[in-house]
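Data block for input.cif (mmCIF, C-alpha atoms and all ligand atoms):
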data_data
loop_
_atom_site.label_atom_id
_atom_site.label_comp_id
_atom_site.auth_asym_id
_atom_site.auth_seq_id
_atom_site.Cartn_x
_atom_site.Cartn_y
_atom_site.Cartn_z
CA MET G 185 -25.64 30.38 -3.10
CA PRO G 186 -25.06 34.10 -2.60
CA GLY G 187 -27.91 36.46 -3.21
CA LYS G 188 -27.49 39.50 -5.40
CA VAL G 189 -26.54 43.12 -4.89
CA TYR G 190 -28.10 45.94 -6.86
CA ILE G 191 -26.05 49.15 -6.76
CA VAL G 192 -28.83 51.65 -7.35
CA GLY G 193 -28.93 55.39 -7.97
CA ALA G 194 -31.80 56.99 -6.03
CA GLY G 195 -31.63 60.32 -7.85
CA PRO G 196 -31.24 63.71 -6.16
CA GLY G 197 -34.14 63.53 -3.69
CA ASP G 198 -37.49 63.91 -5.43
CA PRO G 199 -39.04 60.38 -5.41
CA GLY G 200 -40.46 61.17 -8.86
CA LEU G 201 -36.90 60.93 -10.18
CA LEU G 202 -36.43 57.30 -9.10
CA THR G 203 -36.24 55.09 -12.19
CA LEU G 204 -38.63 52.19 -12.79
CA LYS G 205 -35.66 49.83 -12.52
CA ALA G 206 -34.75 51.30 -9.14
CA ILE G 207 -38.29 50.83 -7.87
CA ARG G 208 -38.37 47.21 -9.10
CA ALA G 209 -35.04 46.46 -7.39
CA ILE G 210 -36.31 48.01 -4.14
CA GLU G 211 -39.48 45.92 -4.36
CA GLU G 212 -37.41 42.76 -4.88
CA ALA G 213 -34.90 43.54 -2.10
CA ASP G 214 -34.72 41.96 1.34
CA VAL G 215 -32.29 44.58 2.65
CA ILE G 216 -31.67 48.20 1.67
CA LEU G 217 -28.30 49.73 2.57
CA TYR G 218 -28.78 53.45 2.06
CA ASP G 219 -26.54 56.51 1.92
CA LYS G 220 -26.91 59.87 3.65
CA LEU G 221 -27.97 61.68 0.49
CA VAL G 222 -30.92 59.44 -0.36
CA GLY G 223 -33.98 61.72 -0.12
CA ASP G 224 -36.09 61.64 3.07
CA GLU G 225 -39.26 61.10 1.07
CA ILE G 226 -37.71 58.05 -0.59
CA ILE G 227 -36.75 56.60 2.79
CA GLU G 228 -40.31 57.23 4.04
CA MET G 229 -41.66 55.41 0.99
CA ILE G 230 -39.38 52.39 1.62
CA LYS G 231 -40.32 52.28 5.31
CA LYS G 232 -43.92 51.67 4.28
CA MET G 233 -42.75 48.65 2.23
CA ASN G 234 -41.57 46.78 5.34
CA LYS G 235 -38.01 46.27 4.13
CA LYS G 236 -34.96 45.95 6.34
CA LEU G 237 -33.38 49.40 6.11
CA VAL G 238 -29.77 49.85 7.22
CA TYR G 239 -27.94 53.20 7.21
CA ALA G 240 -24.68 52.74 5.30
CA GLY G 241 -23.63 56.34 4.78
CA LYS G 242 -20.75 58.29 6.19
CA ARG G 243 -20.78 59.35 9.81
CA SER G 244 -19.23 62.70 10.72
CA CYS G 245 -15.52 62.81 11.58
CA GLU G 246 -15.00 59.26 10.40
CA ASP G 247 -12.22 57.80 8.29
CA GLY G 248 -13.77 57.25 4.82
CA ALA G 249 -11.63 54.21 4.03
CA ILE G 250 -12.58 52.40 7.26
CA ARG G 251 -16.27 53.15 6.73
CA GLN G 252 -16.05 51.92 3.13
CA LYS G 253 -14.64 48.59 4.38
CA GLU G 254 -17.56 48.28 6.82
CA ILE G 255 -20.06 48.98 4.03
CA ASN G 256 -18.40 46.41 1.75
CA GLU G 257 -18.57 43.82 4.54
CA LEU G 258 -22.26 44.60 5.10
CA MET G 259 -23.04 43.98 1.41
CA LYS G 260 -21.07 40.72 1.57
CA LYS G 261 -22.72 39.53 4.80
CA TYR G 262 -26.25 39.91 3.48
CA ALA G 263 -25.40 38.55 0.03
CA LEU G 264 -23.80 35.43 1.58
CA GLU G 265 -27.00 34.89 3.56
CA GLY G 266 -28.69 34.60 0.16
CA LYS G 267 -30.42 37.98 0.43
CA VAL G 268 -31.22 40.42 -2.35
CA VAL G 269 -29.47 43.64 -1.33
CA VAL G 270 -30.10 47.12 -2.69
CA ARG G 271 -27.15 49.45 -2.14
CA LEU G 272 -29.00 52.75 -2.51
CA LYS G 273 -26.97 55.86 -3.31
CA GLY G 274 -27.81 59.52 -3.89
CA GLY G 275 -27.89 60.63 -7.53
CA ASP G 276 -25.98 58.25 -9.79
CA PRO G 277 -23.71 55.65 -8.15
CA PHE G 278 -20.90 56.19 -10.65
CA VAL G 279 -20.77 59.98 -10.25
CA PHE G 280 -18.65 60.86 -7.21
CA GLY G 281 -20.48 58.04 -5.47
CA ARG G 282 -17.91 55.25 -4.93
CA GLY G 283 -20.17 52.93 -6.92
CA GLY G 284 -17.13 51.78 -8.87
CA VAL G 285 -15.24 50.95 -5.67
CA GLU G 286 -18.15 48.85 -4.39
CA ALA G 287 -18.60 47.09 -7.74
CA GLU G 288 -14.87 46.22 -7.75
CA PHE G 289 -15.26 44.68 -4.30
CA LEU G 290 -18.23 42.56 -5.43
CA VAL G 291 -16.25 41.32 -8.46
CA ARG G 292 -13.37 40.27 -6.17
CA GLU G 293 -15.77 38.47 -3.84
CA ASN G 294 -17.62 36.71 -6.68
CA ILE G 295 -20.93 38.20 -5.58
CA PRO G 296 -23.44 38.70 -8.39
CA PHE G 297 -24.41 42.33 -8.85
CA GLU G 298 -26.07 44.78 -11.19
CA ILE G 299 -25.70 48.53 -11.58
CA ILE G 300 -28.85 50.62 -11.89
CA PRO G 301 -27.87 54.18 -12.87
CA GLY G 302 -29.68 57.08 -11.27
CA VAL G 303 -30.54 60.66 -12.17
CA SER G 304 -27.46 62.62 -11.11
CA SER G 305 -27.65 65.91 -9.23
CA ILE G 306 -25.28 67.28 -11.86
CA ASN G 307 -28.07 67.99 -14.32
CA SER G 308 -31.30 67.54 -12.35
CA VAL G 309 -30.59 70.00 -9.53
CA PRO G 310 -29.85 72.88 -11.94
CA ALA G 311 -32.92 71.89 -14.00
CA TYR G 312 -35.23 72.20 -10.97
CA ALA G 313 -33.71 75.62 -10.34
CA GLY G 314 -34.55 76.58 -13.92
CA ILE G 315 -30.96 76.49 -15.16
CA PRO G 316 -30.13 74.83 -18.49
CA LEU G 317 -26.48 73.71 -18.45
CA THR G 318 -25.94 74.54 -22.08
CA HIS G 319 -27.55 77.13 -24.32
CA PRO G 320 -26.90 77.85 -27.99
CA GLU G 321 -25.87 81.45 -27.26
CA LEU G 322 -24.45 81.19 -23.76
CA SER G 323 -22.55 77.97 -23.16
CA SER G 324 -21.44 74.96 -25.16
CA SER G 325 -19.39 73.16 -22.51
CA ILE G 326 -19.88 71.76 -19.02
CA LEU G 327 -17.04 71.20 -16.57
CA VAL G 328 -17.98 69.06 -13.56
CA VAL G 329 -15.64 69.22 -10.56
CA THR G 330 -15.70 68.88 -6.80
CA GLY G 331 -14.98 71.76 -4.47
CA ARG G 332 -12.65 69.47 -2.54
CA ASP G 333 -10.18 69.25 -5.42
CA ASP G 334 -7.08 71.29 -5.60
CA ILE G 335 -8.68 74.22 -7.42
CA GLU G 336 -5.35 74.96 -9.14
CA ALA G 337 -5.82 71.70 -11.04
CA TRP G 338 -8.92 73.06 -12.76
CA LYS G 339 -6.73 75.54 -14.61
CA ARG G 340 -5.55 72.68 -16.79
CA THR G 341 -9.08 72.50 -18.22
CA PRO G 342 -10.98 75.21 -20.08
CA LEU G 343 -12.76 77.43 -17.60
CA HIS G 344 -15.18 79.06 -20.02
CA GLY G 345 -18.73 77.74 -20.36
CA THR G 346 -20.71 76.24 -17.48
CA ILE G 347 -18.99 74.89 -14.37
CA VAL G 348 -20.89 72.52 -12.06
CA ILE G 349 -19.30 72.09 -8.64
CA LEU G 350 -20.26 69.34 -6.22
CA MET G 351 -19.18 69.33 -2.59
CA GLY G 352 -18.10 72.97 -2.85
CA ARG G 353 -20.21 74.59 -0.11
CA ASP G 354 -17.36 74.97 2.37
CA THR G 355 -14.78 76.13 -0.17
CA LEU G 356 -17.04 78.56 -2.04
CA ALA G 357 -14.98 81.65 -1.19
CA ASP G 358 -11.78 80.02 -2.42
CA ILE G 359 -13.51 78.78 -5.57
CA CYS G 360 -14.82 82.27 -6.44
CA ASN G 361 -11.43 83.92 -5.85
CA LYS G 362 -9.57 81.33 -7.89
CA LEU G 363 -12.02 81.61 -10.79
CA ILE G 364 -11.59 85.40 -10.85
CA GLU G 365 -7.80 84.94 -10.76
CA ALA G 366 -8.12 82.48 -13.63
CA GLY G 367 -9.82 85.15 -15.71
CA ARG G 368 -13.57 84.73 -15.16
CA ASP G 369 -15.35 88.06 -14.96
CA PRO G 370 -16.30 88.91 -11.33
CA SER G 371 -19.85 89.57 -12.56
CA THR G 372 -20.20 85.96 -13.81
CA PRO G 373 -23.49 84.61 -12.41
CA VAL G 374 -23.39 81.88 -9.77
CA ALA G 375 -26.26 79.76 -8.40
CA VAL G 376 -25.97 77.85 -5.14
CA ILE G 377 -28.69 75.24 -4.80
CA GLU G 378 -29.33 73.51 -1.49
CA LYS G 379 -31.29 70.22 -1.29
CA GLY G 380 -32.24 70.55 -4.95
CA THR G 381 -35.40 68.80 -6.23
CA THR G 382 -36.71 68.31 -2.67
CA ARG G 383 -39.43 70.23 -0.85
CA GLU G 384 -36.70 72.11 1.00
CA GLN G 385 -34.88 73.31 -2.13
CA LYS G 386 -33.26 76.73 -1.76
CA VAL G 387 -31.76 78.63 -4.70
CA ILE G 388 -29.40 81.54 -4.08
CA VAL G 389 -28.29 83.52 -7.10
CA GLY G 390 -25.48 86.04 -7.26
CA ASN G 391 -22.14 86.51 -8.93
CA LEU G 392 -18.52 85.58 -8.25
CA LYS G 393 -18.13 88.75 -6.17
CA ASN G 394 -21.20 88.62 -3.93
CA ILE G 395 -22.37 84.99 -3.72
CA VAL G 396 -20.33 84.13 -0.61
CA LYS G 397 -22.07 86.83 1.45
CA LYS G 398 -25.50 85.83 0.15
CA VAL G 399 -24.90 82.16 0.96
CA ARG G 400 -23.67 83.03 4.45
CA GLU G 401 -26.82 85.07 5.06
CA ALA G 402 -29.03 82.22 3.83
CA LYS G 403 -27.38 79.79 6.32
CA ILE G 404 -26.96 76.97 3.82
CA LYS G 405 -26.11 73.69 5.55
CA GLY G 406 -27.42 70.79 3.43
CA ALA G 407 -26.18 69.16 0.21
CA THR G 408 -25.22 71.97 -2.11
CA LEU G 409 -24.54 72.17 -5.82
CA ILE G 410 -22.97 75.24 -7.42
CA VAL G 411 -23.41 76.38 -11.02
CA VAL G 412 -21.12 79.06 -12.46
CA GLY G 413 -21.82 80.62 -15.84
CA GLU G 414 -24.09 82.80 -17.95
CA VAL G 415 -26.77 80.07 -18.02
CA VAL G 416 -27.55 80.93 -14.38
CA ARG G 417 -29.35 84.04 -15.67
CA PHE G 418 -32.24 81.72 -16.56
CA SER G 419 -32.94 80.93 -12.91
CA ASN G 420 -34.27 84.45 -12.39
CA ILE G 421 -37.11 83.72 -14.77
CA LEU G 422 -37.64 80.04 -14.09
CA ASN G 423 -36.56 79.70 -10.47
CA GLY G 424 -37.97 76.70 -8.65
CA ARG G 425 -39.97 75.28 -11.49
CA PRO G 426 -38.99 72.07 -13.24
CA GLN G 427 -37.82 72.61 -16.85
CA LYS G 428 -40.36 73.91 -19.41
CA ILE G 429 -37.54 75.89 -20.95
C1 LIG S 1 -20.69 62.50 -2.86
S1 LIG S 1 -21.45 63.52 -4.08
C2 LIG S 1 -22.59 62.37 -4.77
C3 LIG S 1 -23.15 62.80 -6.09
C4 LIG S 1 -24.22 61.84 -6.61
N1 LIG S 1 -23.68 60.55 -6.85
C5 LIG S 1 -24.90 62.36 -7.87
O1 LIG S 1 -24.80 61.76 -8.93
O2 LIG S 1 -25.59 63.39 -7.75
C6 LIG S 1 -22.47 64.52 -3.05
C7 LIG S 1 -22.66 65.92 -3.59
O3 LIG S 1 -23.60 65.94 -4.65
C8 LIG S 1 -24.32 67.16 -4.65
N2 LIG S 1 -25.75 66.86 -4.46
C9 LIG S 1 -26.31 65.65 -4.46
N3 LIG S 1 -27.65 65.74 -4.30
C10 LIG S 1 -27.93 67.07 -4.22
C11 LIG S 1 -29.12 67.81 -4.07
N4 LIG S 1 -30.32 67.22 -3.98
N5 LIG S 1 -29.04 69.17 -4.04
C12 LIG S 1 -27.83 69.79 -4.13
N6 LIG S 1 -26.68 69.12 -4.28
C13 LIG S 1 -26.71 67.79 -4.33
C14 LIG S 1 -23.74 67.99 -3.49
O4 LIG S 1 -22.70 68.78 -4.01
C15 LIG S 1 -23.22 66.90 -2.58
O5 LIG S 1 -22.24 67.39 -1.69
#
Using structure tokens, write down the structure from this file.
Amino acid sequence: MPGKVYIVGAGPGDPGLLTLKAIRAIEEADVILYDKLVGDEIIEMIKKMNKKLVYAGKRSCEDGAIRQKEINELMKKYALEGKVVVRLKGGDPFVFGRGGVEAEFLVRENIPFEIIPGVSSINSVPAYAGIPLTHPELSSSILVVTGRDDIEAWKRTPLHGTIVILMGRDTLADICNKLIEAGRDPSTPVAVIEKGTTREQKVIVGNLKNIVKKVREAKIKGATLIVVGEVVRFSNILNGRPQKI
């Protein structure tokens, strides 16, 4: 009899944002296959639980499709040994997380599985930086995109309101230029949040014209989420403190 795989969202980094269901699945698991973006403090917590921990994230300069096959085979191997496997992913597994791809694989292989959603970086990282994504007077829409997309494609969607950009650290300059070309005011506020919700969180605030320089000076290297829109003005007042807005 195969075991079971839980595809679990670990949240954005702060262990306090793990769900009760995630914690129960981790407690039940024999093996944890974890991604690069799972918070260090969460990994430290699991190490103390004496679980088998296996890194199953991307390695630099590696073909994503090949790595994904290896990860699928790892889930299958442990499940066929009758083990309870937690496939632990940063944020929510179904938000730019390939959770759907892994679930499809488990369906094909007839391996029992369950999805445990997680707190996505999309909303939690801005919240820890004091930024509400909507506001009755400032923004009534949220566009979520990745900085790896063809930015031209965004123009097919409304570019007013709040824009949340994942994986956009390395294309920030292009993103800012294209948004100005598309009609956003160059003074539109931008927040760049590195390692949000963790002890190492850094929040850099600027506008479409000057944010690139500020980010370069701050030497941002870790996971980065970008928020564009008037709502970023809140971070000046609430920077670094969870909610209470
Ligand atoms: C492959 S996507 C995974 C998103 C994840 N599934 C989620 O729901 O948050 C990785 C990107 O999410 C963003 N991200 C995730 N955690 C973050 C954090 N703690 N701080 C800043 N950005 C984060 C970054 O843009 C990062 O490059």
Handout entry: Close residues, Ile335 (chain G) itself excluded, 9 Å, all atoms listed in the file, min 2 positions apart in chain, as JSON, numbers by chain
Key = {"G": [330, 331, 332, 333, 337, 338, 339, 358, 359, 362, 363]}
Which centre and which edge lengths, in Å to one decimal, describe the axis-aligned box that holds all listed atoms of region 318-329 of chain G after 4 Å is added on each side, as AutoDock Vina command-line options?
--center_x -21.6 --center_y 75.3 --center_z -19.3 --size_x 19.9 --size_y 20.4 --size_z 25.4
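Coordinates place CA of Gly197 (chain G) at a distance of 5.5 Å from CA of Thr382 (chain G).
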Exercise for the section: Let me have all residues with an atom within 7 Å of ligand LIG 1 (chain S), counting all atoms listed in the file, laid out as a ChimeraX atom specification. Expected result: /G:195-197,221,273-281,303-306,309,349-352,377-382,407-409
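Nearest residue to Ser244 (chain G) among G:Lys386, G:Lys220, G:Lys397, G:His344 is G:Lys220, counting only C-alpha atoms.
Between CA of Ile227 (chain G) and CA of Asn256 (chain G) there is a distance of 21.0 Å.
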Handout entry: Contacts of Phe297 (chain G) within 6 Å, all atoms listed in the file, excl. fewer than 4 positions in-chain, as a PyMOL selection string
Key = chain G and resi 188-190
Problem - Residues within 10 Å of Thr203 (chain G), only C-alpha atoms, excluding chain neighbours under 6 positions, as a list in words - result: Val192, Gly193, Ala194, Gly195, Ala209, Ile300, Pro301, Gly302 and Val303 of chain G
Residues within 6 Å of Ile216 (chain G), please, as an mmCIF file with C-alpha atoms, in the frame of the given file. Count all atoms listed in the file; anything in the same chain fewer than 5 positions from it doesn't count.
data_model
loop_
_atom_site.group_PDB
_atom_site.id
_atom_site.type_symbol
_atom_site.label_atom_id
_atom_site.label_comp_id
_atom_site.auth_asym_id
_atom_site.auth_seq_id
_atom_site.Cartn_x
_atom_site.Cartn_y
_atom_site.Cartn_z
ATOM 1 C CA LEU G 237 -33.380 49.400 6.110
ATOM 2 C CA VAL G 269 -29.470 43.640 -1.330
ATOM 3 C CA VAL G 270 -30.100 47.120 -2.690
#
